[in-house]
Amino acid sequence: MRIVLALVAVGVLAGIAWAGGQSPAMQAFLAIVAPYVAIAVFVVGIGARVIGWARSAVPFRIPTTCGQERSLSFIRFSPLDNPSSSLGAVGRMALEVLTFRSLFRNTRAELKPGGRLVYSSDKWLWAGALLFHYSFLAVFLRHYRFFVEPVPKVIAVLQGLDGFFQVGVPVFFLTSFGLIAGLGYLLARRLVDARMRYLSLPADYFPLFLLLGIALTGIGMRHLWKVDIVRVKELAIGLVNFHPAVPQGVGPLFYVHLFLVSALLAYFPFSKLVHMAGVFLSPTRNLANNNRAVRHLNPWNPPIVGHTYAEWEEEFHDKMKAAGLPLDRE
Ligand code: HEM
């Protein structure tokens, strides 16, 4: 049911764009209004989330680390897993963001016959996630060619590398298929395993279907139902320069592609996808573990009004003396 709900939601969005792509009034909405609204929601939404996180108090130093701390002389120090300085924390964060280091340690727990719980290493999620994210990045960067003229050299080089094998006309890009393979794995992982299916919500399936829809319509436009790239580029440059015009003679598949991208952008700040920004503001990751070297005080601690023993003895002096208790001050 949850899978169907997510699939129907993406289907409805695609259907609206397909039908709208054939009516001039709706074309203006799909090509101009929807992308601008989506970008505004994305920028303001992400900005609000980041400001919200940045303003949240972090009264304690709570990095998640291994035990290999610098101050423990009997064990080898692990500067990247348990950084003792801000530079180390930056290094750890870089490894996390660029190589998904914590996901590399993903484990699978299985109950064997006889009730034995067995943990084993599971690298597939790490590999699938890397494939998806890096393919997405490459596809995203390659799209830059639509938005600027002349196309920067670095984008042309990236495009050349991506189509290195020169298969097909126009050439197939490795990352277009890497994107589909990565998304396919991430989806299959939720569908095949009964436990994962039980845990998955429409909010887990929806972004996967949305991204698959974007990738499949993109590949469709490049290899099967060609669109007029010159018109698309005019629209894209027009959007960037704030004088867009509705492109003439561009098929409805392009409107589906663009509308799904707009939906993705508008949905982004309210969804789990916002981990893209959140990972940098996570105090369990971005702090150095110097708890034993530096005394961290909670800034919210109320001022403590002390009551020393001397003051206490002063207060109960007579009663203590009457009871025959020893006194510091006679
Ligand atoms: C999240 C953003 C986007 C993703 C993930 C995405 C994905 C894709 C993919 C996978 C392809 C297949 C060919 C390739 O890999 O280059 C493609 C093609 C295409 N995309 Fe996108 N796209 C995005 C945004 C856009 C935007 C904003 C536009 C509008 C300017 C656009 C217009 C096109 C066009 C015209 C093609 C066909 C390219 C060709 O024939 O060479 N895409 N897209």
# chains A, B, ... in the order shown; residues from 1 in each chain; ligands from 1
call {"tool": "residues_near_ligand", "arguments": {"ligand": "ligand 1", "cutoff": "6 Å", "atoms": "only C-alpha atoms and all ligand atoms", "output": "list in words"}}
result
Phe136, Val139, Phe140, Phe146, Phe173, Ser176, Ile214, Ala215, Gly218, Ile219, Met221, Arg222, Ile229, Val232, Ala236, Leu258 and Val261 of chain A
call {"tool": "residues_around", "arguments": {"residues": "region 4-14 of chain A", "least_positions_apart": "2", "cutoff": "12 Å", "atoms": "only C-alpha atoms", "output": "compact mmCIF listing (two decimals) with all heavy atoms, in the first residue's frame"}}
result
# COMPACT_ATOMS: atom_id res chain seq x y z
N MET A 1 0.83 -1.21 0.00
CA MET A 1 0.00 0.00 0.00
C MET A 1 0.87 1.27 0.00
O MET A 1 0.64 2.21 -0.74
CB MET A 1 -0.88 -0.03 1.26
CG MET A 1 -1.98 1.00 1.25
SD MET A 1 -3.02 0.82 -0.21
CE MET A 1 -3.65 2.45 -0.39
N ARG A 2 1.93 1.24 0.85
CA ARG A 2 2.82 2.41 0.94
C ARG A 2 3.56 2.61 -0.38
O ARG A 2 3.78 3.74 -0.80
CB ARG A 2 3.85 2.20 2.05
CG ARG A 2 3.22 1.97 3.40
CD ARG A 2 4.30 1.49 4.34
NE ARG A 2 3.74 1.08 5.61
CZ ARG A 2 4.46 0.60 6.60
NH1 ARG A 2 5.75 0.47 6.49
NH2 ARG A 2 3.89 0.25 7.72
N ILE A 16 0.11 15.08 -14.76
CA ILE A 16 -0.22 16.50 -14.85
C ILE A 16 0.70 17.17 -15.88
O ILE A 16 0.28 17.93 -16.74
CB ILE A 16 -0.06 17.20 -13.47
CG1 ILE A 16 -1.12 16.69 -12.50
CG2 ILE A 16 -0.12 18.72 -13.60
CD1 ILE A 16 -0.95 17.17 -11.07
N ALA A 17 2.00 16.85 -15.77
CA ALA A 17 2.97 17.48 -16.67
C ALA A 17 2.77 17.01 -18.11
O ALA A 17 2.91 17.81 -19.05
CB ALA A 17 4.39 17.18 -16.19
N TRP A 18 2.47 15.73 -18.28
CA TRP A 18 2.28 15.20 -19.64
C TRP A 18 1.09 15.90 -20.30
O TRP A 18 1.18 16.37 -21.45
CB TRP A 18 2.05 13.68 -19.58
CG TRP A 18 1.84 13.08 -20.93
CD1 TRP A 18 0.66 12.89 -21.57
CD2 TRP A 18 2.85 12.63 -21.84
NE1 TRP A 18 0.85 12.33 -22.81
CE2 TRP A 18 2.20 12.16 -23.00
CE3 TRP A 18 4.24 12.56 -21.78
CZ2 TRP A 18 2.89 11.64 -24.10
CZ3 TRP A 18 4.92 12.04 -22.87
CH2 TRP A 18 4.26 11.58 -24.01
N ALA A 19 -0.03 15.98 -19.56
CA ALA A 19 -1.23 16.62 -20.12
C ALA A 19 -0.97 18.11 -20.31
O ALA A 19 -1.28 18.69 -21.36
CB ALA A 19 -2.42 16.40 -19.19
N GLY A 20 -0.34 18.75 -19.28
CA GLY A 20 -0.09 20.19 -19.34
C GLY A 20 0.88 20.56 -20.45
O GLY A 20 0.79 21.65 -21.04
N GLY A 21 1.81 19.65 -20.74
CA GLY A 21 2.82 19.93 -21.75
C GLY A 21 2.22 20.09 -23.15
O GLY A 21 2.91 20.53 -24.08
N LEU A 30 4.42 25.15 -16.41
CA LEU A 30 5.39 24.07 -16.20
C LEU A 30 6.82 24.50 -16.48
O LEU A 30 7.76 24.07 -15.81
CB LEU A 30 5.04 22.88 -17.11
CG LEU A 30 3.72 22.16 -16.79
CD1 LEU A 30 3.36 21.22 -17.91
CD2 LEU A 30 3.82 21.41 -15.48
N LEU A 187 16.02 0.78 -4.23
CA LEU A 187 14.61 0.42 -4.22
C LEU A 187 14.45 -1.08 -3.95
O LEU A 187 13.65 -1.48 -3.09
CB LEU A 187 13.98 0.80 -5.57
CG LEU A 187 12.48 0.63 -5.70
CD1 LEU A 187 11.76 1.52 -4.68
CD2 LEU A 187 12.02 1.00 -7.11
N LEU A 191 12.36 -3.44 -1.21
CA LEU A 191 11.25 -4.29 -1.67
C LEU A 191 11.50 -5.77 -1.37
O LEU A 191 10.59 -6.50 -1.01
CB LEU A 191 11.04 -4.11 -3.17
CG LEU A 191 10.54 -2.73 -3.60
CD1 LEU A 191 10.42 -2.65 -5.12
CD2 LEU A 191 9.21 -2.40 -2.96
N SER A 200 9.75 0.48 5.82
CA SER A 200 9.75 1.57 4.82
C SER A 200 8.40 2.27 4.75
O SER A 200 7.34 1.64 4.82
CB SER A 200 10.10 1.01 3.45
OG SER A 200 11.36 0.42 3.50
N LEU A 201 8.48 3.57 4.61
CA LEU A 201 7.27 4.42 4.57
C LEU A 201 7.12 5.02 3.17
O LEU A 201 8.08 5.01 2.38
CB LEU A 201 7.43 5.54 5.59
CG LEU A 201 7.58 5.11 7.04
CD1 LEU A 201 7.92 6.30 7.92
CD2 LEU A 201 6.30 4.44 7.53
N PRO A 202 5.95 5.60 2.87
CA PRO A 202 5.82 6.28 1.57
C PRO A 202 6.93 7.32 1.37
O PRO A 202 7.42 7.51 0.26
CB PRO A 202 4.45 6.95 1.66
CG PRO A 202 3.68 6.11 2.62
CD PRO A 202 4.66 5.59 3.61
N ALA A 203 7.36 7.96 2.48
CA ALA A 203 8.41 8.99 2.37
C ALA A 203 9.77 8.37 1.99
O ALA A 203 10.69 9.09 1.61
CB ALA A 203 8.55 9.74 3.68
N ASP A 204 9.90 7.04 2.12
CA ASP A 204 11.13 6.37 1.67
C ASP A 204 11.03 6.03 0.20
O ASP A 204 12.03 6.08 -0.53
CB ASP A 204 11.37 5.09 2.47
CG ASP A 204 11.64 5.37 3.93
OD1 ASP A 204 12.52 6.21 4.19
OD2 ASP A 204 10.98 4.78 4.79
N TYR A 205 9.83 5.65 -0.25
CA TYR A 205 9.68 5.25 -1.65
C TYR A 205 9.53 6.45 -2.58
O TYR A 205 10.02 6.43 -3.71
CB TYR A 205 8.43 4.36 -1.82
CG TYR A 205 8.54 3.03 -1.13
CD1 TYR A 205 7.71 2.70 -0.07
CD2 TYR A 205 9.49 2.09 -1.54
CE1 TYR A 205 7.81 1.48 0.57
CE2 TYR A 205 9.60 0.87 -0.91
CZ TYR A 205 8.75 0.57 0.15
OH TYR A 205 8.86 -0.64 0.78
N PHE A 206 8.85 7.50 -2.09
CA PHE A 206 8.53 8.62 -2.98
C PHE A 206 9.77 9.24 -3.64
O PHE A 206 9.82 9.38 -4.86
CB PHE A 206 7.71 9.67 -2.22
CG PHE A 206 7.34 10.86 -3.03
CD1 PHE A 206 6.39 10.76 -4.05
CD2 PHE A 206 7.94 12.09 -2.81
CE1 PHE A 206 6.05 11.87 -4.83
CE2 PHE A 206 7.60 13.20 -3.57
CZ PHE A 206 6.66 13.08 -4.58
N PRO A 207 10.82 9.60 -2.86
CA PRO A 207 12.00 10.18 -3.53
C PRO A 207 12.64 9.22 -4.51
O PRO A 207 13.16 9.66 -5.54
CB PRO A 207 12.96 10.51 -2.38
CG PRO A 207 12.32 10.09 -1.14
CD PRO A 207 10.97 9.55 -1.40
N LEU A 208 12.62 7.92 -4.21
CA LEU A 208 13.24 6.95 -5.13
C LEU A 208 12.46 6.91 -6.45
O LEU A 208 13.05 6.95 -7.53
CB LEU A 208 13.28 5.56 -4.50
CG LEU A 208 14.24 5.40 -3.31
CD1 LEU A 208 14.09 4.04 -2.66
CD2 LEU A 208 15.68 5.58 -3.78
N PHE A 209 11.13 6.86 -6.36
CA PHE A 209 10.33 6.84 -7.59
C PHE A 209 10.47 8.16 -8.35
O PHE A 209 10.53 8.19 -9.57
CB PHE A 209 8.86 6.58 -7.28
CG PHE A 209 8.58 5.15 -6.88
CD1 PHE A 209 7.79 4.85 -5.78
CD2 PHE A 209 9.11 4.11 -7.62
CE1 PHE A 209 7.55 3.53 -5.42
CE2 PHE A 209 8.87 2.78 -7.27
CZ PHE A 209 8.08 2.50 -6.16
N LEU A 210 10.53 9.26 -7.59
CA LEU A 210 10.65 10.57 -8.23
C LEU A 210 11.97 10.66 -9.00
O LEU A 210 12.01 11.07 -10.18
CB LEU A 210 10.60 11.65 -7.13
CG LEU A 210 10.35 13.09 -7.55
CD1 LEU A 210 9.04 13.21 -8.32
CD2 LEU A 210 10.29 14.00 -6.33
N LEU A 211 13.05 10.24 -8.36
CA LEU A 211 14.36 10.28 -9.02
C LEU A 211 14.41 9.32 -10.20
O LEU A 211 14.99 9.64 -11.24
CB LEU A 211 15.46 9.95 -8.01
CG LEU A 211 15.78 11.10 -7.06
CD1 LEU A 211 16.47 10.60 -5.80
CD2 LEU A 211 16.66 12.13 -7.75
N LEU A 212 13.79 8.14 -10.04
CA LEU A 212 13.74 7.19 -11.17
C LEU A 212 12.97 7.81 -12.33
O LEU A 212 13.37 7.69 -13.49
CB LEU A 212 13.07 5.89 -10.73
CG LEU A 212 13.99 4.81 -10.18
CD1 LEU A 212 13.18 3.64 -9.65
CD2 LEU A 212 14.97 4.33 -11.25
N GLY A 213 11.88 8.49 -12.00
CA GLY A 213 11.08 9.15 -13.04
C GLY A 213 11.92 10.19 -13.77
O GLY A 213 11.91 10.26 -15.01
N ILE A 214 12.69 10.97 -13.03
CA ILE A 214 13.53 12.01 -13.64
C ILE A 214 14.58 11.36 -14.54
O ILE A 214 14.78 11.76 -15.70
CB ILE A 214 14.21 12.87 -12.55
CG1 ILE A 214 13.16 13.67 -11.78
CG2 ILE A 214 15.24 13.80 -13.16
CD1 ILE A 214 13.69 14.38 -10.54
N LEU A 216 14.64 8.30 -15.88
CA LEU A 216 14.10 7.57 -17.04
C LEU A 216 13.59 8.52 -18.12
O LEU A 216 13.80 8.29 -19.32
CB LEU A 216 12.98 6.62 -16.59
CG LEU A 216 13.47 5.41 -15.77
CD1 LEU A 216 12.29 4.60 -15.24
CD2 LEU A 216 14.39 4.52 -16.60
N THR A 217 12.95 9.63 -17.72
CA THR A 217 12.48 10.58 -18.74
C THR A 217 13.68 11.24 -19.42
O THR A 217 13.66 11.51 -20.62
CB THR A 217 11.54 11.65 -18.15
OG1 THR A 217 12.15 12.19 -16.97
CG2 THR A 217 10.17 11.10 -17.81
N PRO A 252 6.11 16.79 -24.81
CA PRO A 252 5.62 16.74 -23.42
C PRO A 252 6.55 15.99 -22.47
O PRO A 252 6.53 16.23 -21.26
CB PRO A 252 4.27 16.02 -23.53
CG PRO A 252 4.21 15.43 -24.89
CD PRO A 252 5.17 16.16 -25.76
N LEU A 253 7.40 15.10 -23.01
CA LEU A 253 8.31 14.36 -22.12
C LEU A 253 9.25 15.32 -21.39
O LEU A 253 9.58 15.12 -20.23
CB LEU A 253 9.13 13.36 -22.96
CG LEU A 253 9.82 12.26 -22.15
CD1 LEU A 253 8.82 11.45 -21.36
CD2 LEU A 253 10.63 11.36 -23.07
N PHE A 254 9.64 16.39 -22.09
CA PHE A 254 10.51 17.37 -21.44
C PHE A 254 9.79 18.03 -20.27
O PHE A 254 10.38 18.26 -19.21
CB PHE A 254 10.97 18.45 -22.44
CG PHE A 254 11.67 19.59 -21.76
CD1 PHE A 254 12.93 19.43 -21.22
CD2 PHE A 254 11.04 20.83 -21.61
CE1 PHE A 254 13.57 20.47 -20.55
CE2 PHE A 254 11.66 21.88 -20.95
CZ PHE A 254 12.93 21.69 -20.42
N TYR A 255 8.48 18.30 -20.46
CA TYR A 255 7.74 18.94 -19.36
C TYR A 255 7.61 17.99 -18.17
O TYR A 255 7.63 18.42 -17.02
CB TYR A 255 6.35 19.39 -19.86
CG TYR A 255 6.45 20.57 -20.79
CD1 TYR A 255 6.45 20.40 -22.16
CD2 TYR A 255 6.61 21.85 -20.29
CE1 TYR A 255 6.58 21.47 -23.02
CE2 TYR A 255 6.75 22.94 -21.13
CZ TYR A 255 6.73 22.75 -22.49
OH TYR A 255 6.88 23.82 -23.32
N VAL A 256 7.49 16.70 -18.47
CA VAL A 256 7.42 15.73 -17.37
C VAL A 256 8.76 15.76 -16.61
O VAL A 256 8.80 15.86 -15.38
CB VAL A 256 7.13 14.30 -17.89
CG1 VAL A 256 7.15 13.30 -16.75
CG2 VAL A 256 5.79 14.25 -18.62
N HIS A 257 9.86 15.72 -17.35
CA HIS A 257 11.21 15.75 -16.75
C HIS A 257 11.36 16.99 -15.87
O HIS A 257 11.72 16.89 -14.69
CB HIS A 257 12.23 15.75 -17.89
CG HIS A 257 13.66 15.56 -17.47
ND1 HIS A 257 14.14 14.38 -16.95
CD2 HIS A 257 14.73 16.40 -17.51
CE1 HIS A 257 15.44 14.50 -16.70
NE2 HIS A 257 15.82 15.71 -17.03
N LEU A 258 11.03 18.13 -16.43
CA LEU A 258 11.25 19.39 -15.71
C LEU A 258 10.31 19.51 -14.50
O LEU A 258 10.71 19.98 -13.44
CB LEU A 258 11.01 20.57 -16.67
CG LEU A 258 11.39 21.95 -16.15
CD1 LEU A 258 12.87 22.00 -15.78
CD2 LEU A 258 11.10 23.02 -17.19
N PHE A 259 9.07 19.04 -14.67
CA PHE A 259 8.12 19.17 -13.56
C PHE A 259 8.51 18.24 -12.41
O PHE A 259 8.38 18.60 -11.24
CB PHE A 259 6.70 18.87 -14.04
CG PHE A 259 5.64 19.25 -13.02
CD1 PHE A 259 5.57 20.54 -12.51
CD2 PHE A 259 4.72 18.32 -12.57
CE1 PHE A 259 4.60 20.90 -11.57
CE2 PHE A 259 3.75 18.66 -11.64
CZ PHE A 259 3.70 19.96 -11.14
N LEU A 260 9.01 17.04 -12.74
CA LEU A 260 9.47 16.13 -11.68
C LEU A 260 10.69 16.73 -10.96
O LEU A 260 10.82 16.61 -9.75
CB LEU A 260 9.79 14.74 -12.25
CG LEU A 260 8.59 13.94 -12.79
CD1 LEU A 260 9.04 12.55 -13.21
CD2 LEU A 260 7.46 13.82 -11.77
N VAL A 261 11.55 17.39 -11.73
CA VAL A 261 12.71 18.06 -11.09
C VAL A 261 12.20 19.17 -10.16
O VAL A 261 12.67 19.32 -9.03
CB VAL A 261 13.68 18.64 -12.15
CG1 VAL A 261 14.76 19.49 -11.50
CG2 VAL A 261 14.33 17.52 -12.96
N SER A 262 11.20 19.95 -10.62
CA SER A 262 10.64 21.03 -9.79
C SER A 262 10.02 20.43 -8.52
O SER A 262 10.21 20.98 -7.42
CB SER A 262 9.55 21.80 -10.55
OG SER A 262 10.08 22.32 -11.74
N ALA A 263 9.31 19.31 -8.68
CA ALA A 263 8.69 18.67 -7.51
C ALA A 263 9.77 18.22 -6.53
O ALA A 263 9.64 18.40 -5.32
CB ALA A 263 7.86 17.47 -7.97
N LEU A 264 10.87 17.68 -7.07
CA LEU A 264 11.97 17.22 -6.22
C LEU A 264 12.55 18.39 -5.42
O LEU A 264 12.76 18.29 -4.21
CB LEU A 264 13.06 16.58 -7.08
CG LEU A 264 14.29 16.07 -6.33
CD1 LEU A 264 13.96 14.83 -5.52
CD2 LEU A 264 15.43 15.75 -7.29
call {"tool": "atom_distance", "arguments": {"atom1": "CA of Gly91 (chain A)", "atom2": "CA of Asp162 (chain A)"}}
result
28.6 Å
call {"tool": "select_by_dssp", "arguments": {"residues": "region 151-224 of chain A", "states": "alpha helix (DSSP H)", "output": "ChimeraX atom specification"}}
result
/A:153-162,174-192,194-199,202-223
call {"tool": "write_last_selection", "arguments": {"atoms": "C-alpha atoms", "output": "compact mmCIF listing (two decimals), in the first residue's frame"}}
result
# COMPACT_ATOMS: atom_id res chain seq x y z
CA LYS A 153 35.94 23.16 -20.50
CA VAL A 154 35.70 21.20 -17.27
CA ILE A 155 32.08 20.20 -18.08
CA ALA A 156 33.11 19.19 -21.60
CA VAL A 157 35.90 17.03 -20.13
CA LEU A 158 33.52 15.44 -17.64
CA GLN A 159 31.09 14.72 -20.45
CA GLY A 160 33.89 13.22 -22.55
CA LEU A 161 34.96 10.92 -19.70
CA ASP A 162 31.36 9.94 -18.99
CA LEU A 174 27.95 5.81 -17.88
CA THR A 175 26.50 7.88 -15.06
CA SER A 176 22.95 7.93 -16.53
CA PHE A 177 22.97 4.17 -16.09
CA GLY A 178 24.89 4.35 -12.82
CA LEU A 179 22.06 6.52 -11.56
CA ILE A 180 19.43 3.98 -12.62
CA ALA A 181 21.47 1.07 -11.21
CA GLY A 182 22.03 2.87 -7.88
CA LEU A 183 18.37 3.83 -7.55
CA GLY A 184 17.34 0.32 -8.63
CA TYR A 185 19.48 -1.21 -5.88
CA LEU A 186 18.18 1.23 -3.22
CA LEU A 187 14.61 0.42 -4.22
CA ALA A 188 15.16 -3.35 -4.49
CA ARG A 189 16.73 -3.32 -1.03
CA ARG A 190 13.48 -2.01 0.42
CA LEU A 191 11.25 -4.29 -1.67
CA VAL A 192 13.04 -7.65 -1.44
CA ALA A 194 10.55 -8.33 4.36
CA ARG A 195 12.05 -6.47 7.33
CA MET A 196 13.04 -3.49 5.19
CA ARG A 197 9.58 -3.50 3.59
CA TYR A 198 7.99 -3.38 7.03
CA LEU A 199 10.16 -0.42 8.05
CA PRO A 202 5.82 6.28 1.57
CA ALA A 203 8.41 8.99 2.37
CA ASP A 204 11.13 6.37 1.67
CA TYR A 205 9.68 5.25 -1.65
CA PHE A 206 8.53 8.62 -2.98
CA PRO A 207 12.00 10.18 -3.53
CA LEU A 208 13.24 6.95 -5.13
CA PHE A 209 10.33 6.84 -7.59
CA LEU A 210 10.65 10.57 -8.23
CA LEU A 211 14.36 10.28 -9.02
CA LEU A 212 13.74 7.19 -11.17
CA GLY A 213 11.08 9.15 -13.04
CA ILE A 214 13.53 12.01 -13.64
CA ALA A 215 16.32 9.69 -14.77
CA LEU A 216 14.10 7.57 -17.04
CA THR A 217 12.48 10.58 -18.74
CA GLY A 218 15.97 12.09 -19.20
CA ILE A 219 17.32 8.93 -20.80
CA GLY A 220 14.14 8.68 -22.87
CA MET A 221 14.70 12.21 -24.21
CA ARG A 222 18.31 11.52 -25.07
CA HIS A 223 17.99 8.11 -26.68
call {"tool": "residues_around", "arguments": {"residues": "region 64-77 of chain A", "least_positions_apart": "3", "cutoff": "6 Å", "atoms": "only C-alpha atoms", "output": "list of chain:residue names"}}
result
A:Asp81, A:Asn82, A:Thr284
call {"tool": "residues_around", "arguments": {"residues": "region 40-55 of chain A", "least_positions_apart": "2", "cutoff": "7 Å", "atoms": "only C-alpha atoms", "output": "list in words"}}
result
Tyr36, Val37, Ala38, Ala57, Leu265, Ala266, Phe268, Pro269 and Leu281 of chain A
call {"tool": "closest_residue", "arguments": {"among": "A:Ser271, A:Val151, A:Leu297, A:Arg329", "to": "Phe316 (chain A)", "atoms": "only C-alpha atoms"}}
result
A:Arg329
call {"tool": "residues_around", "arguments": {"residues": "Leu130 (chain A)", "least_positions_apart": "4", "cutoff": "8 Å", "atoms": "only C-alpha atoms", "output": "compact mmCIF listing (two decimals) with C-alpha atoms, in the first residue's frame"}}
result
# COMPACT_ATOMS: atom_id res chain seq x y z
CA THR A 99 33.34 8.19 0.95
CA PHE A 100 30.36 7.48 3.28
CA TRP A 126 27.65 1.43 0.92
CA TYR A 134 28.29 10.04 -7.48
CA GLY A 182 22.03 2.87 -7.88
call {"tool": "atom_distance", "arguments": {"atom1": "CA of Asn298 (chain A)", "atom2": "CA of Pro59 (chain A)"}}
result
5.1 Å
call {"tool": "residues_around", "arguments": {"residues": "Thr107 (chain A)", "least_positions_apart": "2", "cutoff": "9 Å", "atoms": "only C-alpha atoms", "output": "list of chain:residue names"}}
result
A:Leu103, A:Phe104, A:Arg105, A:Ala109, A:Tyr119, A:Ser120, A:Ser121, A:Asp122, A:Lys123
call {"tool": "write_last_selection", "arguments": {"atoms": "all heavy atoms", "output": "tab-separated table (two decimals), in the first residue's frame"}}
result
chain	number	residue	atom	x	y	z
A	103	LEU	N	28.98	4.33	6.65
A	103	LEU	CA	28.16	3.31	5.98
A	103	LEU	C	29.00	2.08	5.62
A	103	LEU	O	28.48	0.97	5.51
A	103	LEU	CB	27.55	3.92	4.71
A	103	LEU	CG	26.24	3.34	4.20
A	103	LEU	CD1	25.20	3.33	5.29
A	103	LEU	CD2	25.75	4.14	3.01
A	104	PHE	N	30.30	2.30	5.47
A	104	PHE	CA	31.22	1.21	5.14
A	104	PHE	C	31.22	0.16	6.26
A	104	PHE	O	31.53	-1.00	6.04
A	104	PHE	CB	32.62	1.78	4.93
A	104	PHE	CG	33.59	0.81	4.33
A	104	PHE	CD1	33.46	0.43	3.00
A	104	PHE	CD2	34.62	0.28	5.08
A	104	PHE	CE1	34.34	-0.47	2.44
A	104	PHE	CE2	35.50	-0.63	4.52
A	104	PHE	CZ	35.36	-1.00	3.19
A	105	ARG	N	30.87	0.62	7.44
A	105	ARG	CA	30.87	-0.30	8.58
A	105	ARG	C	29.51	-0.92	8.82
A	105	ARG	O	29.28	-1.53	9.87
A	105	ARG	CB	31.26	0.47	9.83
A	105	ARG	CG	32.63	1.00	9.70
A	105	ARG	CD	33.00	1.72	10.93
A	105	ARG	NE	34.43	1.95	10.92
A	105	ARG	CZ	35.06	2.55	11.89
A	105	ARG	NH1	34.39	2.97	12.92
A	105	ARG	NH2	36.34	2.74	11.82
A	109	ALA	N	22.46	-8.17	10.80
A	109	ALA	CA	22.24	-9.06	11.94
A	109	ALA	C	21.25	-10.15	11.52
A	109	ALA	O	20.20	-9.83	10.97
A	109	ALA	CB	21.69	-8.27	13.11
A	119	TYR	N	26.33	-11.48	13.40
A	119	TYR	CA	26.56	-10.21	12.71
A	119	TYR	C	27.56	-10.42	11.59
A	119	TYR	O	28.57	-11.09	11.79
A	119	TYR	CB	27.11	-9.15	13.68
A	119	TYR	CG	26.12	-8.68	14.69
A	119	TYR	CD1	26.01	-9.30	15.94
A	119	TYR	CD2	25.26	-7.62	14.41
A	119	TYR	CE1	25.08	-8.87	16.88
A	119	TYR	CE2	24.34	-7.19	15.34
A	119	TYR	CZ	24.26	-7.81	16.57
A	119	TYR	OH	23.34	-7.38	17.47
A	120	SER	N	27.28	-9.87	10.42
A	120	SER	CA	28.27	-9.96	9.34
A	120	SER	C	28.37	-8.62	8.64
A	120	SER	O	27.46	-7.80	8.74
A	120	SER	CB	27.86	-11.05	8.35
A	120	SER	OG	26.54	-10.82	7.92
A	121	SER	N	29.49	-8.46	7.94
A	121	SER	CA	29.70	-7.19	7.24
A	121	SER	C	28.74	-7.10	6.04
A	121	SER	O	28.44	-8.10	5.41
A	121	SER	CB	31.16	-7.16	6.80
A	121	SER	OG	31.31	-6.33	5.69
A	122	ASP	N	28.26	-5.91	5.74
A	122	ASP	CA	27.36	-5.74	4.60
A	122	ASP	C	27.76	-4.47	3.84
A	122	ASP	O	27.45	-3.36	4.27
A	122	ASP	CB	25.91	-5.64	5.09
A	122	ASP	CG	24.94	-5.52	3.92
A	122	ASP	OD1	25.39	-5.57	2.77
A	122	ASP	OD2	23.73	-5.35	4.17
A	123	LYS	N	28.51	-4.67	2.76
A	123	LYS	CA	29.04	-3.51	2.02
A	123	LYS	C	28.12	-3.09	0.87
A	123	LYS	O	28.38	-2.08	0.21
A	123	LYS	CB	30.42	-3.84	1.42
A	123	LYS	CG	31.45	-4.27	2.44
A	123	LYS	CD	32.06	-3.07	3.13
A	123	LYS	CE	33.12	-3.46	4.12
A	123	LYS	NZ	32.69	-3.46	5.51
call {"tool": "atom_distance", "arguments": {"atom1": "CA of Leu235 (chain A)", "atom2": "CA of Pro247 (chain A)"}}
result
6.1 Å
